[in-house]
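Note sheet for the following structure.
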Amino acid sequence: MGTSGTFGGSKNGLVPSWVDEPASPPAAAPDNAEPEATGGDGNGGPDQNGEAPAGPTPAQAYPPIPAVPASSGLGGARGNMTRGARTSDERALRRGASRYVGASGGGRAAASRMPNSRAVAGGVAGLARNFVNQGPAEALRRFNLEGMAGAPAEDVFVALTDMLCPAGGTIDEAIARDAMLETVADLAAAGVGNFDELSADDLREFFIGVVSRSIEGKILNEVGTNAIAAPSDIGGVERAQAMLHDFVEGCVRDEFDVLGTDLSDLDATAIDSFVDDLYSAALDLVEALGDDG
(Lines give C-alpha, C1' and ligand atoms only; values in the text may rest on other atoms or scores of the structure.)
Protein backbone atom coordinates (compact mmCIF):
# COMPACT_ATOMS: atom_id res chain seq x y z
CA MET A 1 0.00 0.00 0.00
CA GLY A 2 2.95 2.35 0.64
CA THR A 3 2.78 5.20 3.13
CA SER A 4 6.34 6.46 2.75
CA GLY A 5 6.93 9.61 4.74
CA THR A 6 3.41 9.75 6.10
CA PHE A 7 4.26 9.09 9.71
CA GLY A 8 7.46 11.10 10.02
CA GLY A 9 6.60 12.86 13.27
CA SER A 10 4.04 12.70 16.00
CA LYS A 11 0.73 14.42 15.43
CA ASN A 12 -0.18 13.96 19.09
CA GLY A 13 2.47 16.05 20.80
CA LEU A 14 3.48 13.09 22.92
CA VAL A 15 5.48 13.90 26.04
CA PRO A 16 7.56 10.95 27.27
CA SER A 17 6.53 9.63 30.66
CA TRP A 18 10.16 9.59 31.78
CA VAL A 19 10.80 13.32 31.21
CA ASP A 20 10.78 14.13 34.92
CA GLU A 21 12.94 11.18 35.96
CA PRO A 22 16.60 11.75 36.80
CA ALA A 23 19.10 10.95 34.09
CA SER A 24 20.64 7.53 34.30
CA PRO A 25 24.38 6.92 34.09
CA PRO A 26 25.20 6.10 30.47
CA ALA A 27 26.80 2.80 29.63
CA ALA A 28 29.59 1.69 27.36
CA ALA A 29 30.64 -1.73 26.21
CA PRO A 30 33.80 -3.24 27.69
CA ASP A 31 36.70 -3.90 25.34
CA ASN A 32 35.88 -7.58 25.04
CA ALA A 33 32.13 -7.18 24.63
CA GLU A 34 30.27 -8.41 21.60
CA PRO A 35 28.67 -5.70 19.42
CA GLU A 36 25.41 -4.45 20.87
CA ALA A 37 22.48 -6.24 19.32
CA THR A 38 19.13 -7.61 20.15
CA GLY A 39 20.67 -11.03 20.37
CA GLY A 40 21.30 -13.58 17.69
CA ASP A 41 22.83 -13.07 14.29
CA GLY A 42 23.16 -9.28 14.10
CA ASN A 43 19.95 -8.74 12.16
CA GLY A 44 17.41 -9.46 14.85
CA GLY A 45 17.68 -13.17 14.23
CA PRO A 46 18.11 -16.18 16.48
CA ASP A 47 21.40 -17.12 18.04
CA GLN A 48 23.56 -20.08 17.03
CA ASN A 49 21.25 -22.38 18.97
CA GLY A 50 18.29 -21.22 16.90
CA GLU A 51 16.66 -19.37 19.80
CA ALA A 52 14.82 -16.10 19.28
CA PRO A 53 16.35 -12.97 20.86
CA ALA A 54 15.13 -12.04 24.30
CA GLY A 55 15.99 -8.35 23.82
CA PRO A 56 18.99 -6.33 24.93
CA THR A 57 20.09 -6.58 28.55
CA PRO A 58 22.60 -3.73 28.81
CA ALA A 59 22.34 -3.51 32.56
CA GLN A 60 24.03 -6.89 32.66
CA ALA A 61 26.24 -6.51 29.59
CA TYR A 62 27.65 -3.03 30.08
CA PRO A 63 29.29 -1.50 33.16
CA PRO A 64 28.26 2.06 34.05
CA ILE A 65 30.50 4.94 33.04
CA PRO A 66 30.49 8.41 34.57
CA ALA A 67 27.86 10.86 33.38
CA VAL A 68 28.99 13.98 31.57
CA PRO A 69 29.72 16.54 34.32
CA ALA A 70 27.80 19.80 34.29
CA SER A 71 31.08 21.71 34.08
CA SER A 72 31.77 20.18 30.66
CA GLY A 73 29.18 22.34 28.93
CA LEU A 74 25.79 20.92 29.88
CA GLY A 75 24.97 24.17 31.66
CA GLY A 76 24.94 25.97 28.31
CA ALA A 77 22.92 23.16 26.77
CA ARG A 78 20.31 23.33 29.53
CA GLY A 79 20.13 27.12 29.36
CA ASN A 80 19.43 27.08 25.64
CA MET A 81 16.92 24.25 25.98
CA THR A 82 15.04 26.11 28.73
CA ARG A 83 14.98 29.34 26.76
CA GLY A 84 13.83 27.57 23.64
CA ALA A 85 11.03 25.76 25.47
CA ARG A 86 9.77 28.86 27.24
CA THR A 87 9.74 31.07 24.14
CA SER A 88 9.22 28.49 21.37
CA ASP A 89 12.61 29.59 20.03
CA GLU A 90 13.65 26.84 17.65
CA ARG A 91 17.21 28.17 17.30
CA ALA A 92 17.72 27.96 21.07
CA LEU A 93 16.39 24.40 21.15
CA ARG A 94 18.76 23.46 18.35
CA ARG A 95 21.68 25.10 20.17
CA GLY A 96 20.79 23.17 23.30
CA ALA A 97 20.91 19.88 21.38
CA SER A 98 24.18 20.92 19.74
CA ARG A 99 25.83 21.81 23.04
CA TYR A 100 24.80 18.45 24.47
CA VAL A 101 26.57 16.56 21.68
CA GLY A 102 29.64 18.76 22.08
CA ALA A 103 29.68 18.21 25.84
CA SER A 104 29.48 14.47 25.24
CA GLY A 105 32.62 14.52 23.11
CA GLY A 106 31.07 14.56 19.64
CA GLY A 107 28.76 12.28 17.70
CA ARG A 108 30.67 9.02 18.13
CA ALA A 109 31.01 9.48 21.88
CA ALA A 110 27.37 10.53 22.26
CA ALA A 111 26.27 7.47 20.28
CA SER A 112 28.32 5.22 22.55
CA ARG A 113 26.16 6.44 25.43
CA MET A 114 23.08 4.89 23.78
CA PRO A 115 23.76 1.12 23.67
CA ASN A 116 20.13 0.13 24.18
CA SER A 117 18.81 2.43 21.48
CA ARG A 118 21.40 1.22 18.98
CA ALA A 119 20.56 -2.39 19.80
CA VAL A 120 16.83 -1.80 19.32
CA ALA A 121 17.41 0.11 16.07
CA GLY A 122 19.53 -2.79 14.87
CA GLY A 123 16.65 -5.15 15.58
CA VAL A 124 14.27 -2.97 13.56
CA ALA A 125 16.78 -2.73 10.70
CA GLY A 126 17.15 -6.51 10.68
CA LEU A 127 13.39 -6.94 10.64
CA ALA A 128 13.06 -4.56 7.68
CA ARG A 129 15.85 -6.32 5.78
CA ASN A 130 14.33 -9.75 6.31
CA PHE A 131 10.79 -8.55 5.55
CA VAL A 132 11.84 -7.49 2.04
CA ASN A 133 14.14 -10.44 1.36
CA GLN A 134 12.26 -13.28 3.07
CA GLY A 135 8.69 -12.09 3.59
CA PRO A 136 6.74 -10.87 6.64
CA ALA A 137 6.20 -14.22 8.33
CA GLU A 138 9.86 -15.21 8.11
CA ALA A 139 10.94 -11.79 9.35
CA LEU A 140 8.72 -12.20 12.41
CA ARG A 141 9.69 -15.83 12.96
CA ARG A 142 13.02 -14.67 14.35
CA PHE A 143 11.10 -13.05 17.19
CA ASN A 144 8.59 -15.91 17.60
CA LEU A 145 5.89 -13.59 16.23
CA GLU A 146 5.28 -15.23 12.86
CA GLY A 147 1.61 -15.78 13.74
CA MET A 148 1.09 -12.00 13.71
CA ALA A 149 2.11 -11.52 10.07
CA GLY A 150 -1.42 -10.52 9.04
CA ALA A 151 -2.25 -8.52 12.17
CA PRO A 152 -2.51 -4.72 12.29
CA ALA A 153 0.96 -3.21 11.94
CA GLU A 154 0.73 -1.27 15.20
CA ASP A 155 -0.10 -4.46 17.12
CA VAL A 156 2.90 -6.21 15.61
CA PHE A 157 5.26 -3.37 16.49
CA VAL A 158 3.96 -3.18 20.06
CA ALA A 159 4.67 -6.91 20.41
CA LEU A 160 8.10 -6.36 18.85
CA THR A 161 8.72 -3.58 21.37
CA ASP A 162 8.07 -6.00 24.21
CA MET A 163 10.58 -8.41 22.67
CA LEU A 164 13.33 -5.86 22.00
CA CYS A 165 12.95 -3.65 25.07
CA PRO A 166 10.67 -5.01 27.80
CA ALA A 167 9.19 -2.62 30.34
CA GLY A 168 10.81 -2.18 33.72
CA GLY A 169 14.45 -1.60 32.82
CA THR A 170 16.89 1.25 33.29
CA ILE A 171 16.30 4.81 32.11
CA ASP A 172 18.45 4.05 29.07
CA GLU A 173 16.24 1.08 28.25
CA ALA A 174 13.14 3.22 28.83
CA ILE A 175 14.40 5.74 26.26
CA ALA A 176 14.68 2.97 23.66
CA ARG A 177 11.25 1.60 24.57
CA ASP A 178 9.59 5.02 24.38
CA ALA A 179 11.23 5.63 21.00
CA MET A 180 9.59 2.47 19.70
CA LEU A 181 6.17 3.19 21.19
CA GLU A 182 6.07 6.81 20.03
CA THR A 183 6.97 5.69 16.53
CA VAL A 184 4.20 3.09 16.71
CA ALA A 185 1.82 5.93 17.64
CA ASP A 186 2.96 7.88 14.58
CA LEU A 187 2.36 4.83 12.41
CA ALA A 188 -1.11 4.26 13.88
CA ALA A 189 -2.04 7.93 13.38
CA ALA A 190 -1.11 7.58 9.71
CA GLY A 191 -3.64 4.77 9.34
CA VAL A 192 -1.17 2.11 8.24
CA GLY A 193 -2.93 -1.23 7.79
CA ASN A 194 -1.78 -4.78 8.40
CA PHE A 195 1.85 -5.70 8.89
CA ASP A 196 2.04 -7.93 5.81
CA GLU A 197 0.86 -5.00 3.67
CA LEU A 198 3.74 -2.74 4.63
CA SER A 199 6.14 -1.53 1.96
CA ALA A 200 9.91 -1.19 2.16
CA ASP A 201 9.35 2.58 2.42
CA ASP A 202 7.04 2.10 5.42
CA LEU A 203 9.68 0.04 7.20
CA ARG A 204 12.41 2.54 6.39
CA GLU A 205 10.25 5.32 7.84
CA PHE A 206 9.67 3.30 10.98
CA PHE A 207 13.40 2.71 11.38
CA ILE A 208 14.20 6.41 10.90
CA GLY A 209 11.48 7.27 13.42
CA VAL A 210 12.95 4.95 16.06
CA VAL A 211 16.46 6.34 15.61
CA SER A 212 15.21 9.94 15.66
CA ARG A 213 13.04 9.53 18.72
CA SER A 214 15.74 7.73 20.68
CA ILE A 215 18.20 10.58 20.05
CA GLU A 216 15.53 13.12 20.93
CA GLY A 217 14.72 11.15 24.08
CA LYS A 218 18.36 10.99 25.14
CA ILE A 219 18.75 14.75 24.76
CA LEU A 220 15.55 15.42 26.69
CA ASN A 221 16.56 13.08 29.47
CA GLU A 222 20.10 14.39 29.94
CA VAL A 223 19.54 18.07 29.16
CA GLY A 224 15.86 18.93 29.09
CA THR A 225 14.48 17.00 32.05
CA ASN A 226 12.80 20.11 33.44
CA ALA A 227 13.32 22.56 30.60
CA ILE A 228 10.92 20.99 28.15
CA ALA A 229 8.15 21.20 30.77
CA ALA A 230 8.89 24.88 31.43
CA PRO A 231 6.01 26.39 29.40
CA SER A 232 2.90 26.96 31.49
CA ASP A 233 0.56 25.53 28.85
CA ILE A 234 0.58 22.08 27.28
CA GLY A 235 0.60 23.70 23.84
CA GLY A 236 3.99 25.22 24.58
CA VAL A 237 5.35 21.85 25.66
CA GLU A 238 4.05 20.23 22.49
CA ARG A 239 5.50 22.97 20.26
CA ALA A 240 8.92 22.72 21.89
CA GLN A 241 9.04 18.95 21.61
CA ALA A 242 7.78 19.04 18.01
CA MET A 243 10.49 21.52 17.01
CA LEU A 244 13.20 19.44 18.63
CA HIS A 245 11.85 16.28 17.01
CA ASP A 246 11.71 17.83 13.55
CA PHE A 247 15.31 19.04 13.87
CA VAL A 248 16.66 15.68 15.06
CA GLU A 249 14.65 13.70 12.52
CA GLY A 250 15.92 15.93 9.71
CA CYS A 251 19.50 15.20 10.75
CA VAL A 252 18.85 11.45 10.91
CA ARG A 253 17.11 11.43 7.54
CA ASP A 254 19.89 13.43 5.88
CA GLU A 255 22.59 11.10 7.18
CA PHE A 256 20.59 8.00 6.25
CA ASP A 257 20.49 9.32 2.68
CA VAL A 258 24.21 10.12 2.76
CA LEU A 259 25.04 6.53 3.72
CA GLY A 260 23.54 5.60 0.37
CA THR A 261 22.00 2.24 1.13
CA ASP A 262 18.57 0.80 1.74
CA LEU A 263 17.90 -1.49 4.67
CA SER A 264 17.06 -4.39 2.37
CA ASP A 265 20.49 -4.10 0.74
CA LEU A 266 22.43 -4.50 3.97
CA ASP A 267 24.37 -7.65 4.63
CA ALA A 268 23.24 -9.18 7.91
CA THR A 269 26.72 -8.80 9.37
CA ALA A 270 26.85 -5.09 8.46
CA ILE A 271 23.71 -3.99 10.31
CA ASP A 272 25.39 -3.18 13.62
CA SER A 273 28.09 -1.05 12.01
CA PHE A 274 25.50 0.67 9.79
CA VAL A 275 23.42 1.60 12.83
CA ASP A 276 26.49 2.79 14.76
CA ASP A 277 27.59 4.96 11.84
CA LEU A 278 24.12 6.43 11.43
CA TYR A 279 23.83 7.42 15.09
CA SER A 280 27.31 8.93 15.09
CA ALA A 281 26.82 10.88 11.87
CA ALA A 282 23.35 12.12 12.83
CA LEU A 283 24.62 13.35 16.20
CA ASP A 284 27.57 15.06 14.50
CA LEU A 285 25.09 16.84 12.25
CA VAL A 286 22.96 17.84 15.25
CA GLU A 287 26.07 19.45 16.73
CA ALA A 288 27.07 21.19 13.50
CA LEU A 289 23.67 22.49 12.43
CA GLY A 290 22.45 23.31 15.92
CA ASP A 291 25.26 25.77 16.46
CA ASP A 292 25.07 27.19 12.95
CA GLY A 293 23.97 30.81 13.12
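Chains: A, B, ... in order of the C-alpha coordinates. Residues: from 1 per chain. Ligands: from 1, in order shown.
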
Extract, using only C-alpha atoms, all DNA, RNA and protein residues at most 7 Å from Asp172 of chain A, discarding same-chain residues fewer than 2 positions from it, and format them as a PyMOL selection string. chain A and resi 24+116+170+174-176

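As for atom CA of Ser98 of chain A and atom CA of Leu263 of chain A, they are spaced 27.7 Å apart.
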
Coordinates-based distance that separates atom CA of Ser214 of chain A from atom CA of Asp178 of chain A (Å, one decimal):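 One can read the atom CA of Asp178 of chain A to atom CA of Ser214 of chain A distance as 7.7 Å.
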
Out of segment 114-237 of chain A, which residues get helix (DSSP H, G or I) from DSSP, as an MDAnalysis selection string? chainID A and resid 115:134 136:141 146:148 153:164 171:189 195:197 200:222 227:229 234:237

Would you mind listing, for every residue of segment 149-225 of chain A within 10 Å of segment 242-262 of chain A, the two atoms forming the shortest contact and the distance between them in Å to one decimal, using only C-alpha atoms, sorted by chain and ascending residue number, as JSON lines?
{"residue": "A:Ala200", "atom": "CA", "partner": "A:Asp262", "partner_atom": "CA", "distance": 8.9}
{"residue": "A:Asp201", "atom": "CA", "partner": "A:Asp262", "partner_atom": "CA", "distance": 9.4}
{"residue": "A:Arg204", "atom": "CA", "partner": "A:Asp262", "partner_atom": "CA", "distance": 7.9}
{"residue": "A:Glu205", "atom": "CA", "partner": "A:Arg253", "partner_atom": "CA", "distance": 9.2}
{"residue": "A:Ile208", "atom": "CA", "partner": "A:Arg253", "partner_atom": "CA", "distance": 6.7}
{"residue": "A:Gly209", "atom": "CA", "partner": "A:Glu249", "partner_atom": "CA", "distance": 7.2}
{"residue": "A:Val210", "atom": "CA", "partner": "A:Glu249", "partner_atom": "CA", "distance": 9.6}
{"residue": "A:Val211", "atom": "CA", "partner": "A:Val252", "partner_atom": "CA", "distance": 7.3}
{"residue": "A:Ser212", "atom": "CA", "partner": "A:Glu249", "partner_atom": "CA", "distance": 4.9}
{"residue": "A:Arg213", "atom": "CA", "partner": "A:His245", "partner_atom": "CA", "distance": 7.1}
{"residue": "A:Ser214", "atom": "CA", "partner": "A:Val248", "partner_atom": "CA", "distance": 9.8}
{"residue": "A:Ile215", "atom": "CA", "partner": "A:Val248", "partner_atom": "CA", "distance": 7.3}
{"residue": "A:Glu216", "atom": "CA", "partner": "A:His245", "partner_atom": "CA", "distance": 6.2}
{"residue": "A:Gly217", "atom": "CA", "partner": "A:His245", "partner_atom": "CA", "distance": 9.2}
{"residue": "A:Ile219", "atom": "CA", "partner": "A:Leu244", "partner_atom": "CA", "distance": 9.5}
{"residue": "A:Leu220", "atom": "CA", "partner": "A:Leu244", "partner_atom": "CA", "distance": 9.3}

Å distance separating atom CA of Asp267 of chain A from atom CA of Ala137 of chain A, one decimal place: 19.7 Å

Which residue of A:Asp162, A:Glu238, A:Glu146, A:Asp196 approaches Ser88 of chain A most closely, using only C-alpha atoms: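 Among the listed residues, the smallest separation from Ser88 of chain A belongs to A:Glu238.
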
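With only C-alpha atoms taken into account, the protein and nucleic acid residues at most 8 Å from Tyr100 of chain A (excluding it and anything under 4 positions from it in its own chain) are A:Gly73, A:Leu74, A:Ala77, A:Gly96, A:Ser104, A:Ile219, A:Val223, A:Glu287.
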
Contacts of Asn194 of chain A within 6 Å, only C-alpha atoms, excl. fewer than 6 positions in-chain, as a list in words: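 Listing them by chain and then by number gives Gly150, Ala151, Pro152 and Ala153 of chain A.
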
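The nearest approach to Ala270 of chain A among the residues A:Gly107, A:Gly102, A:Gly126, A:Pro115, with only C-alpha atoms taken into account, belongs to A:Gly126.
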